[in-house]
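query_15.csv (CSV, C-alpha atoms) appears below.
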chain,number,residue,atom,x,y,z
A,1,MET,CA,-18.8,11.8,-5.1
A,2,LYS,CA,-16.3,12.4,-7.9
A,3,PRO,CA,-13.0,11.2,-6.5
A,4,VAL,CA,-9.8,13.2,-7.1
A,5,VAL,CA,-7.6,11.1,-9.3
A,6,LYS,CA,-3.9,10.8,-8.5
A,7,VAL,CA,-0.9,8.9,-10.0
A,8,LEU,CA,0.1,5.5,-8.6
A,9,LEU,CA,3.8,4.6,-8.9
A,10,GLY,CA,5.0,1.1,-9.5
A,11,MET,CA,3.0,-2.1,-9.2
A,12,MET,CA,0.3,-1.3,-6.7
A,13,LEU,CA,-0.3,-3.3,-3.7
A,14,LEU,CA,-2.8,-6.0,-3.2
A,15,LEU,CA,-5.2,-5.1,-0.6
A,16,LEU,CA,-8.3,-6.7,0.8
A,17,SER,CA,-10.8,-4.1,2.1
A,18,SER,CA,-13.0,-5.1,5.0
A,19,CYS,CA,-15.3,-6.7,2.6
A,20,ALA,CA,-12.4,-8.5,1.0
A,21,GLY,CA,-10.3,-9.5,4.0
A,22,PRO,CA,-8.3,-8.3,7.0
A,23,ALA,CA,-5.4,-6.7,5.2
A,24,PRO,CA,-4.8,-2.9,5.7
A,25,ASP,CA,-6.8,-0.6,3.6
A,26,LEU,CA,-5.5,1.2,0.5
A,27,SER,CA,-7.6,3.5,-1.5
A,28,SER,CA,-5.9,4.6,-4.6
A,29,GLU,CA,-6.5,6.2,-8.0
A,30,PRO,CA,-4.4,8.1,-10.6
A,31,ALA,CA,-4.4,11.8,-11.0
A,32,SER,CA,-4.6,11.5,-14.7
A,33,LEU,CA,-5.7,8.4,-16.6
A,34,SER,CA,-3.1,9.2,-19.2
A,35,ALA,CA,-0.3,9.9,-16.7
A,36,PRO,CA,2.6,7.5,-16.4
A,37,VAL,CA,2.0,5.2,-13.4
A,38,PHE,CA,4.9,2.9,-13.2
A,39,SER,CA,7.5,5.6,-13.5
A,40,GLY,CA,9.2,4.9,-10.2
A,41,GLU,CA,9.9,8.6,-9.7
A,42,PRO,CA,8.6,9.6,-6.3
A,43,ALA,CA,8.0,13.2,-5.3
A,44,CYS,CA,10.7,14.5,-2.9
A,45,PRO,CA,9.2,15.3,0.5
A,46,SER,CA,11.3,18.4,0.8
A,47,GLU,CA,12.2,21.1,-1.6
A,48,SER,CA,15.4,21.9,0.3
A,49,THR,CA,18.8,21.2,-1.3
A,50,GLY,CA,22.2,20.8,0.1
A,51,ALA,CA,23.2,20.2,3.8
A,52,GLU,CA,20.8,21.5,6.4
A,53,PRO,CA,22.3,23.9,9.0
A,54,ALA,CA,23.3,22.3,12.2
A,55,LEU,CA,21.0,22.7,15.1
A,56,PRO,CA,22.3,24.2,18.4
A,57,GLU,CA,23.5,21.8,21.1
A,58,GLU,CA,21.1,23.4,23.7
A,59,VAL,CA,18.1,25.6,23.5
A,60,ALA,CA,15.7,27.0,26.0
A,61,VAL,CA,12.0,26.7,25.1
A,62,SER,CA,9.1,28.5,26.8
A,63,SER,CA,6.1,26.7,25.3
A,64,GLU,CA,5.0,23.2,24.2
A,65,LYS,CA,4.4,24.7,20.7
A,66,GLU,CA,8.0,25.9,20.5
A,67,LEU,CA,9.2,22.4,21.7
A,68,GLN,CA,7.2,20.7,19.0
A,69,GLU,CA,8.5,23.1,16.3
A,70,MET,CA,12.1,22.4,17.3
A,71,LEU,CA,11.4,18.6,17.2
A,72,GLU,CA,9.8,19.0,13.8
A,73,GLN,CA,12.8,21.1,12.5
A,74,ALA,CA,15.2,18.3,13.6
A,75,ILE,CA,13.1,15.6,12.0
A,76,ALA,CA,12.7,17.5,8.7
A,77,ALA,CA,16.5,18.0,8.6
A,78,VAL,CA,17.2,14.4,9.7
A,79,GLN,CA,19.2,15.6,12.6
A,80,GLN,CA,19.3,15.0,16.3
A,81,PRO,CA,17.4,17.7,18.3
A,82,PRO,CA,19.2,19.9,20.8
A,83,ALA,CA,19.0,19.4,24.5
A,84,PHE,CA,15.9,21.3,25.8
A,85,ASP,CA,16.0,23.6,28.8
A,86,LEU,CA,12.4,23.4,30.0
A,87,SER,CA,13.0,25.1,33.4
A,88,THR,CA,10.3,27.7,32.7
A,89,MET,CA,7.7,25.1,31.9
A,90,ALA,CA,5.8,22.6,34.1
A,91,ALA,CA,4.9,19.1,33.2
A,92,GLU,CA,4.3,15.9,35.1
A,93,ASP,CA,6.8,13.9,32.9
A,94,TRP,CA,8.5,15.6,30.0
A,95,THR,CA,9.9,12.3,28.7
A,96,ILE,CA,6.3,11.3,28.0
A,97,GLU,CA,5.1,14.7,26.9
A,98,VAL,CA,7.8,15.0,24.2
A,99,LYS,CA,7.0,11.5,23.0
A,100,ASN,CA,3.4,12.5,22.5
A,101,LEU,CA,4.6,15.6,20.6
A,102,TYR,CA,6.7,13.3,18.4
A,103,TYR,CA,3.6,11.1,17.6
A,104,ALA,CA,1.6,14.3,16.9
A,105,ILE,CA,4.3,15.4,14.3
A,106,LEU,CA,4.2,12.1,12.5
A,107,ASN,CA,0.4,12.1,12.5
A,108,GLU,CA,0.4,15.6,10.9
A,109,HIS,CA,3.3,14.8,8.7
A,110,PRO,CA,3.4,11.2,7.7
A,111,GLU,CA,6.2,12.0,5.2
A,112,TYR,CA,8.4,12.1,8.3
A,113,LYS,CA,7.9,8.4,9.3
A,114,TYR,CA,11.5,7.7,8.4
A,115,ALA,CA,12.0,9.0,12.0
A,116,TYR,CA,10.8,5.7,13.4
A,117,ASP,CA,11.5,6.1,17.1
A,118,LEU,CA,12.2,8.7,19.7
A,119,GLN,CA,13.8,8.1,23.2
A,120,ALA,CA,13.9,10.9,25.8
A,121,GLU,CA,15.5,11.3,29.2
A,122,ILE,CA,16.3,14.1,31.6
A,123,ASN,CA,20.1,14.4,31.7
A,124,GLU,CA,22.4,15.2,34.6
A,125,ASP,CA,22.1,18.9,33.8
A,126,GLY,CA,18.4,18.8,34.1
A,127,LEU,CA,17.9,19.2,30.3
A,128,LEU,CA,15.5,17.1,28.2
A,129,SER,CA,17.7,15.0,25.9
A,130,CYS,CA,16.0,13.3,22.9
A,131,SER,CA,17.5,10.7,20.5
A,132,ILE,CA,15.6,10.1,17.2
A,133,SER,CA,16.2,6.9,15.3
A,134,TYR,CA,16.2,7.4,11.5
A,135,MET,CA,15.8,4.8,8.8
A,136,PRO,CA,19.3,4.4,7.2
A,137,TYR,CA,17.9,5.1,3.7
A,138,ARG,CA,17.5,8.7,4.8
A,139,THR,CA,20.9,9.0,6.5
A,140,GLY,CA,23.0,6.6,4.5
A,141,ASP,CA,24.1,5.1,7.8
A,142,TYR,CA,23.7,1.4,7.0
A,143,PRO,CA,25.5,-1.1,9.3
A,144,ALA,CA,29.0,-2.0,8.2
A,145,GLY,CA,28.9,-4.9,5.8
A,146,PHE,CA,25.1,-4.6,5.3
A,147,ARG,CA,23.9,-6.4,2.2
A,148,GLY,CA,20.4,-6.1,0.7
A,149,GLU,CA,18.5,-5.9,-2.5
A,150,THR,CA,18.9,-2.4,-4.0
A,151,VAL,CA,15.7,-0.4,-4.1
A,152,ASP,CA,15.6,2.8,-6.1
A,153,SER,CA,11.9,3.0,-6.8
A,154,LEU,CA,8.5,1.6,-5.8
A,155,ALA,CA,8.7,-0.8,-8.7
A,156,SER,CA,12.0,-2.2,-7.7
A,157,LEU,CA,10.7,-2.6,-4.1
A,158,CYS,CA,7.8,-4.7,-5.4
A,159,GLN,CA,10.2,-6.8,-7.5
A,160,ALA,CA,12.5,-7.4,-4.5
A,161,ALA,CA,9.5,-8.5,-2.4
A,162,GLU,CA,8.0,-10.7,-5.1
A,163,ALA,CA,11.4,-12.4,-5.6
A,164,GLY,CA,11.8,-13.1,-1.9
A,165,LEU,CA,8.4,-14.3,-0.8
A,166,ALA,CA,9.8,-17.5,0.5
A,167,GLN,CA,11.8,-15.6,3.1
A,168,GLU,CA,10.5,-14.3,6.4
A,169,GLN,CA,12.6,-11.1,5.9
A,170,ILE,CA,14.1,-9.7,2.7
A,171,PRO,CA,17.0,-7.4,3.4
A,172,ILE,CA,16.8,-4.3,1.3
A,173,ARG,CA,19.1,-1.2,0.8
A,174,ILE,CA,16.9,1.7,-0.2
A,175,VAL,CA,19.0,4.2,-2.2
A,176,GLU,CA,16.3,6.7,-3.1
A,177,PRO,CA,15.9,9.0,-0.1
A,178,ALA,CA,12.8,10.6,-1.6
A,179,LEU,CA,10.7,7.5,-1.2
A,180,LEU,CA,8.0,7.8,1.5
A,181,VAL,CA,7.4,5.1,4.1
A,182,ASP,CA,3.6,5.1,3.6
A,183,ASP,CA,4.0,4.8,-0.1
A,184,MET,CA,6.4,1.8,0.3
A,185,ASN,CA,4.0,0.0,2.7
A,186,ARG,CA,1.1,0.6,0.4
A,187,ILE,CA,3.0,-0.7,-2.6
A,188,LEU,CA,4.0,-3.8,-0.6
A,189,GLN,CA,0.4,-4.6,0.1
A,190,GLN,CA,0.0,-5.4,-3.6
A,191,VAL,CA,2.5,-8.3,-3.2
A,192,GLY,CA,1.5,-11.6,-1.7
A,193,GLY,CA,-2.0,-12.2,-3.1
A,194,GLY,CA,-3.7,-11.9,0.3
A,195,TYR,CA,-1.7,-15.0,1.5
A,196,LEU,CA,1.5,-13.2,2.4
A,197,LEU,CA,1.5,-9.8,4.0
A,198,CYS,CA,4.5,-7.8,3.1
A,199,GLN,CA,5.6,-4.7,5.1
A,200,LEU,CA,8.6,-2.5,5.6
A,201,SER,CA,10.5,-3.4,8.7
A,202,ARG,CA,10.6,-0.9,11.6
A,203,ASP,CA,13.9,0.5,10.5
A,204,GLY,CA,13.4,0.1,6.8
A,205,THR,CA,16.2,-2.3,6.2
A,206,ALA,CA,14.0,-5.3,5.3
A,207,VAL,CA,10.6,-6.3,4.0
A,208,THR,CA,8.9,-8.6,6.4
A,209,VAL,CA,6.7,-11.4,5.0
A,210,THR,CA,3.9,-12.9,7.2
A,211,PRO,CA,1.6,-15.7,6.1
A,212,GLN,CA,-2.1,-15.1,6.2
A,213,GLY,CA,-5.3,-17.2,6.1
A,214,GLY,CA,-4.0,-19.9,8.5
A,215,LEU,CA,-1.3,-21.1,6.0
A,216,THR,CA,2.4,-21.6,6.6
A,217,GLN,CA,4.8,-19.5,4.5
A,218,GLU,CA,5.5,-22.6,2.4
A,219,GLU,CA,1.8,-23.3,1.9
A,220,ALA,CA,1.2,-19.6,1.0
A,221,VAL,CA,3.9,-19.5,-1.6
A,222,ALA,CA,2.5,-22.7,-3.1
A,223,ARG,CA,-1.0,-21.2,-3.2
A,224,LEU,CA,0.3,-18.2,-5.1
A,225,GLU,CA,2.1,-20.5,-7.6
A,226,GLU,CA,-1.2,-22.3,-8.1
A,227,ILE,CA,-3.0,-19.0,-8.8
A,228,ASP,CA,-0.5,-18.1,-11.4
A,229,LYS,CA,-0.9,-21.6,-13.0
A,230,MET,CA,-4.7,-21.3,-13.1
A,231,ALA,CA,-4.5,-17.8,-14.5
A,232,GLY,CA,-2.2,-19.0,-17.2
A,233,GLU,CA,-4.4,-21.9,-18.2
A,234,ILE,CA,-7.5,-19.6,-18.3
A,235,CYS,CA,-5.6,-17.1,-20.5
A,236,ALA,CA,-4.5,-19.9,-22.9
A,237,GLU,CA,-8.2,-20.9,-23.2
A,238,VAL,CA,-9.7,-17.4,-23.5
A,239,VAL,CA,-7.2,-15.2,-25.2
A,240,MET,CA,-6.9,-15.7,-28.9
A,241,GLU,CA,-3.9,-14.9,-31.1
A,242,GLY,CA,-4.0,-11.5,-32.5
A,243,MET,CA,-6.2,-10.0,-29.8
A,244,GLY,CA,-5.3,-6.4,-28.7
A,245,GLU,CA,-5.1,-5.4,-25.1
A,246,ALA,CA,-8.8,-4.2,-25.0
A,247,GLN,CA,-10.0,-7.5,-26.5
A,248,GLN,CA,-7.9,-9.5,-24.1
A,249,ALA,CA,-9.2,-7.6,-21.1
A,250,GLU,CA,-12.8,-7.9,-22.2
A,251,ALA,CA,-12.4,-11.6,-22.8
A,252,LEU,CA,-10.9,-12.2,-19.4
A,253,TYR,CA,-13.5,-10.0,-17.8
A,254,ARG,CA,-16.3,-11.9,-19.5
A,255,TYR,CA,-14.8,-15.2,-18.2
A,256,LEU,CA,-14.8,-14.0,-14.6
A,257,THR,CA,-18.3,-12.5,-14.8
A,258,ASP,CA,-19.6,-15.8,-16.4
A,259,HIS,CA,-17.9,-18.3,-14.2
A,260,VAL,CA,-17.5,-16.9,-10.7
A,261,LYS,CA,-20.4,-16.6,-8.3
A,262,TYR,CA,-20.7,-14.3,-5.4
A,263,ASP,CA,-20.2,-15.9,-2.0
A,264,PHE,CA,-23.3,-14.7,-0.2
A,265,ARG,CA,-22.0,-16.2,3.1
A,266,TYR,CA,-20.3,-12.8,3.5
A,267,TYR,CA,-23.7,-11.4,4.5
A,268,ALA,CA,-25.5,-14.4,5.9
A,269,GLN,CA,-22.7,-16.6,7.5
A,270,LEU,CA,-19.5,-14.7,7.6
A,271,GLU,CA,-17.9,-17.2,10.0
A,272,ALA,CA,-18.6,-20.0,7.5
A,273,MET,CA,-17.1,-18.2,4.5
A,274,PRO,CA,-13.6,-19.5,3.7
A,275,TYR,CA,-10.6,-17.1,3.5
A,276,ASP,CA,-10.1,-18.2,-0.1
A,277,SER,CA,-13.3,-16.4,-1.1
A,278,MET,CA,-11.4,-13.1,-0.4
A,279,THR,CA,-8.6,-14.0,-2.9
A,280,ALA,CA,-8.0,-14.9,-6.5
A,281,TYR,CA,-7.8,-18.5,-5.5
A,282,GLY,CA,-11.4,-18.6,-4.5
A,283,ALA,CA,-12.4,-17.0,-7.8
A,284,LEU,CA,-10.2,-19.2,-10.1
A,285,HIS,CA,-10.3,-22.5,-8.2
A,286,ASP,CA,-13.7,-22.6,-6.5
A,287,ASN,CA,-15.5,-20.1,-8.8
A,288,LEU,CA,-16.7,-18.5,-5.7
A,289,ALA,CA,-15.6,-15.1,-4.3
A,290,ILE,CA,-16.5,-11.7,-2.9
A,291,CYS,CA,-15.3,-8.4,-4.4
A,292,GLY,CA,-11.7,-8.8,-3.3
A,293,GLY,CA,-11.4,-12.2,-4.9
A,294,TYR,CA,-12.9,-11.0,-8.2
A,295,ALA,CA,-10.5,-8.0,-8.3
A,296,GLN,CA,-7.4,-10.0,-7.4
A,297,ALA,CA,-8.4,-12.6,-10.0
A,298,PHE,CA,-8.8,-10.0,-12.7
A,299,GLN,CA,-5.4,-8.6,-11.8
A,300,ALA,CA,-3.8,-12.1,-11.9
A,301,LEU,CA,-5.3,-12.7,-15.3
A,302,LEU,CA,-4.1,-9.5,-16.8
A,303,LYS,CA,-0.7,-10.1,-15.4
A,304,GLN,CA,-0.4,-13.1,-17.7
A,305,GLY,CA,-0.6,-10.8,-20.6
A,306,ASP,CA,1.7,-8.2,-19.1
A,307,ILE,CA,-1.1,-5.7,-18.8
A,308,PRO,CA,-0.5,-3.4,-15.9
A,309,CYS,CA,-3.4,-3.7,-13.4
A,310,ILE,CA,-3.9,-2.6,-9.8
A,311,THR,CA,-6.6,-3.2,-7.2
A,312,VAL,CA,-8.5,-0.2,-5.9
A,313,SER,CA,-10.3,-0.2,-2.6
A,314,GLY,CA,-13.0,2.1,-1.3
A,315,LYS,CA,-16.8,2.1,-1.2
A,316,MET,CA,-19.7,1.6,-3.6
A,317,GLY,CA,-23.1,2.7,-2.5
A,318,GLY,CA,-21.6,3.2,1.0
A,319,GLU,CA,-20.4,-0.4,1.3
A,320,ASN,CA,-16.8,-1.5,1.4
A,321,HIS,CA,-15.7,-2.5,-2.1
A,322,MET,CA,-12.8,-3.4,-4.3
A,323,TRP,CA,-12.3,-3.1,-8.1
A,324,ASN,CA,-9.5,-2.7,-10.6
A,325,LEU,CA,-7.7,-0.1,-12.7
A,326,ALA,CA,-5.8,-1.3,-15.7
A,327,ARG,CA,-3.7,0.3,-18.4
A,328,ILE,CA,-5.3,-0.6,-21.7
A,329,ASP,CA,-3.6,0.6,-24.9
A,330,GLY,CA,-1.9,3.4,-22.9
A,331,GLN,CA,-5.1,4.6,-21.1
A,332,TRP,CA,-6.0,3.8,-17.5
A,333,LEU,CA,-9.5,2.4,-17.2
A,334,TYR,CA,-11.6,1.0,-14.4
A,335,PHE,CA,-13.1,-2.5,-14.2
A,336,ASP,CA,-15.5,-3.9,-11.6
A,337,PRO,CA,-16.1,-7.6,-12.5
A,338,ILE,CA,-18.2,-8.4,-9.4
A,339,SER,CA,-20.7,-5.7,-10.3
A,340,ASP,CA,-21.0,-7.0,-13.8
A,341,ARG,CA,-21.4,-10.7,-13.0
A,342,GLY,CA,-24.0,-12.3,-15.2
A,343,ARG,CA,-24.3,-9.2,-17.5
A,344,ALA,CA,-22.4,-10.6,-20.5
A,345,ASP,CA,-25.5,-11.0,-22.5
A,346,TYR,CA,-27.0,-7.6,-21.5
A,347,GLY,CA,-24.0,-5.3,-21.8
A,348,PHE,CA,-21.3,-4.5,-19.2
A,349,LEU,CA,-21.6,-1.4,-17.1
A,350,TYR,CA,-18.1,-1.2,-15.7
A,351,CYS,CA,-15.8,-2.9,-18.2
A,352,GLY,CA,-13.0,-0.4,-19.2
A,353,VAL,CA,-14.7,2.8,-18.1
A,354,THR,CA,-13.3,6.2,-17.0
A,355,GLY,CA,-13.6,7.5,-13.4
A,356,GLU,CA,-16.5,9.8,-14.3
A,357,ILE,CA,-18.7,6.7,-14.7
A,358,LEU,CA,-18.1,5.6,-11.1
A,359,THR,CA,-20.7,8.0,-9.7
A,360,GLN,CA,-21.6,5.6,-6.8
A,361,TYR,CA,-18.0,4.9,-5.9
A,362,GLU,CA,-15.8,6.6,-3.3
A,363,TRP,CA,-12.1,6.2,-2.7
A,364,ASP,CA,-9.6,8.2,-0.7
A,365,ALA,CA,-7.4,10.2,-3.0
A,366,GLU,CA,-5.3,11.3,0.0
A,367,LYS,CA,-4.1,7.7,0.4
A,368,SER,CA,-3.2,7.2,-3.2
A,369,MET,CA,0.4,7.1,-4.3
A,370,GLY,CA,2.2,9.9,-6.1
As structure tokens, the full file:
Amino acid sequence: MKPVVKVLLGMMLLLLSSCAGPAPDLSSEPASLSAPVFSGEPACPSESTGAEPALPEEVAVSSEKELQEMLEQAIAAVQQPPAFDLSTMAAEDWTIEVKNLYYAILNEHPEYKYAYDLQAEINEDGLLSCSISYMPYRTGDYPAGFRGETVDSLASLCQAAEAGLAQEQIPIRIVEPALLVDDMNRILQQVGGGYLLCQLSRDGTAVTVTPQGGLTQEEAVARLEEIDKMAGEICAEVVMEGMGEAQQAEALYRYLTDHVKYDFRYYAQLEAMPYDSMTAYGALHDNLAICGGYAQAFQALLKQGDIPCITVSGKMGGENHMWNLARIDGQWLYFDPISDRGRADYGFLYCGVTGEILTQYEWDAEKSMG
């Protein structure tokens, strides 16, 4: 399968695929290997401009399809829907039926997830009254006195999360209404190294930070600091003065493929495999990891040299897999260190290659950013 390549905005989220840990899946790839990735310029979910026309206060509907269309119109306009006269229609409980229609709309149009809740009741006039809760970044209706880190792009969202990893919640004020909820959650998965799971709060006013791998938040933060320290020490040993980006990347790739072994307990004794084997810590500290650990370790190493690098998750040969995409001398290239382990003396197959080389790989372009 030749994957469709799409642009990823900002620093992409760290993700462990099912072969690399329990974190949510993210399959991602850029639309053009020469396209700008960290632009922080999201596509606007709607082409409409100016104020949307106000919806009527009350409307009679004669079919479930018409009711869903009116709900969708309200959500797209970030407005409250009218009261619905459903007297010509029969249902056991319209408050439940309309909630199901709301979920169906979000499933079909994930760009509307800024409408994070819907409550419905039959009012005293017998009309179905719905109240939709919108994330304040779409309405501008933040609580009085609300303070939070300003977020105007996916990149700044990542920066806010990285700076606040010691907190359980990081208050944020999103000032770019074109940002999409799914994109923001995917980008946040790149933060935390598998030890801290970062997610957008339900109403989008904070980033929640949840420790993983049986660690406390303090222990998880310390583990991430240790990963950075080890990565820095390895770079100091491997990267020589005067090396260009391609030379640095290959030297660090060679280090990983030479020093890190595959943790075969993933196949034989999964319950005995430590969580660390799914992270950069397992690769850099224990020299033992599965694909997620290799990919995260390569990302951590390139970070030391300010080389943009993301993790990509999908399948290789039908099996869950994780690898990397890095911008080397202005070009986005793929790296799969776990598949090249032990090949330094024979020639690497997946060190700085274009997407056309990955003929056995699959990743979902629909879940990519941009």
Atom-to-atom span, CA of His109 in chain A and CA of Ala74 in chain A, Å: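 That distance, rounded to one decimal, is 13.3 Å.
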Within 9 Å of range 341-363 of chain A, which residues of range 251-271 of chain A show up? Give each one with its shortest atom-to-atom distance in Å (one decimal) and the two atoms involved, counting all atoms listed in the file, rows by chain then rising residue number, as CSV.
residue,atom,partner,partner_atom,distance
A:Tyr253,CA,A:Cys351,CA,7.5
A:Arg254,CA,A:Ala344,CA,6.3
A:Leu256,CA,A:Arg341,CA,7.6
A:Thr257,CA,A:Arg341,CA,4.0
A:Asp258,CA,A:Gly342,CA,5.7
A:His259,CA,A:Arg341,CA,8.5
A:Val260,CA,A:Arg341,CA,7.7
A:Lys261,CA,A:Arg341,CA,7.6
A:Tyr262,CA,A:Arg341,CA,8.4
Could you tell me which of A:Leu200, A:Met240, A:Ala54, A:Ile75 comes closest to Ser131 in chain A if we count only C-alpha atoms? A:Ile75
Hey, can you check how far CA of Asp125 in chain A sits from CA of Leu101 in chain A?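 Between these atoms lies a distance of 22.2 Å.
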Which neighbours of range 206-220 of chain A fall inside 7 Å, counting all atoms listed in the file, when residues of the same chain fewer than 2 positions from it are skipped, and could you give them as a ChimeraX atom specification? /A:161,165-172,194-201,204,222-224,275
Shortest interatomic distance to Glu69 in chain A - which of A:Glu92, A:Phe298, A:Tyr102, A:Gly232, counting all atoms listed in the file: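 Once distances to Glu69 in chain A are computed over all atoms listed in the file, the minimum belongs to A:Tyr102.
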CA of Ile328 in chain A and CA of Val181 in chain A, how far apart in Å?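 Distance between the two atoms: 29.3 Å.
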I want to know what sits within 10 Å of Arg173 in chain A, based on all atoms listed in the file, with residues of the same chain fewer than 3 positions away left out; could you give that as a ChimeraX atom specification? /A:136-137,140,142,146-152,157,176,204-206
Residue nearest Leu118 in chain A - candidates A:Ile132, A:Ala104, A:Ile338, A:Leu270, atoms counted: all atoms listed in the file: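 Smallest separation from Leu118 in chain A among the options: A:Ile132.
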Which neighbours of Cys309 in chain A fall inside 7 Å, counting all atoms listed in the file, when residues of the same chain fewer than 4 positions from it are skipped, and could you give them as a PyMOL selection string? chain A and resi 299+302+324-327
Shell of 12 Å around Gln80 in chain A, all atoms listed in the file, local chain residues under 6 positions omitted, as a PyMOL selection string: chain A and resi 52-58+70-74+115+117-120+129-134+139
Tell me which of A:Tyr267, A:Tyr281, A:Tyr114, A:Tyr255 sits closest to Ile227 in chain A, counting all atoms listed in the file.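 Answer, going by the shortest atom-to-atom distance: A:Tyr281.
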Would you please work out which residue, of A:Ala300, A:Leu128, A:Met316, A:Ala144, is nearest to Pro82 in chain A when using all atoms listed in the file?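 When distances to Pro82 in chain A are compared using all atoms listed in the file, the smallest one comes from A:Leu128.
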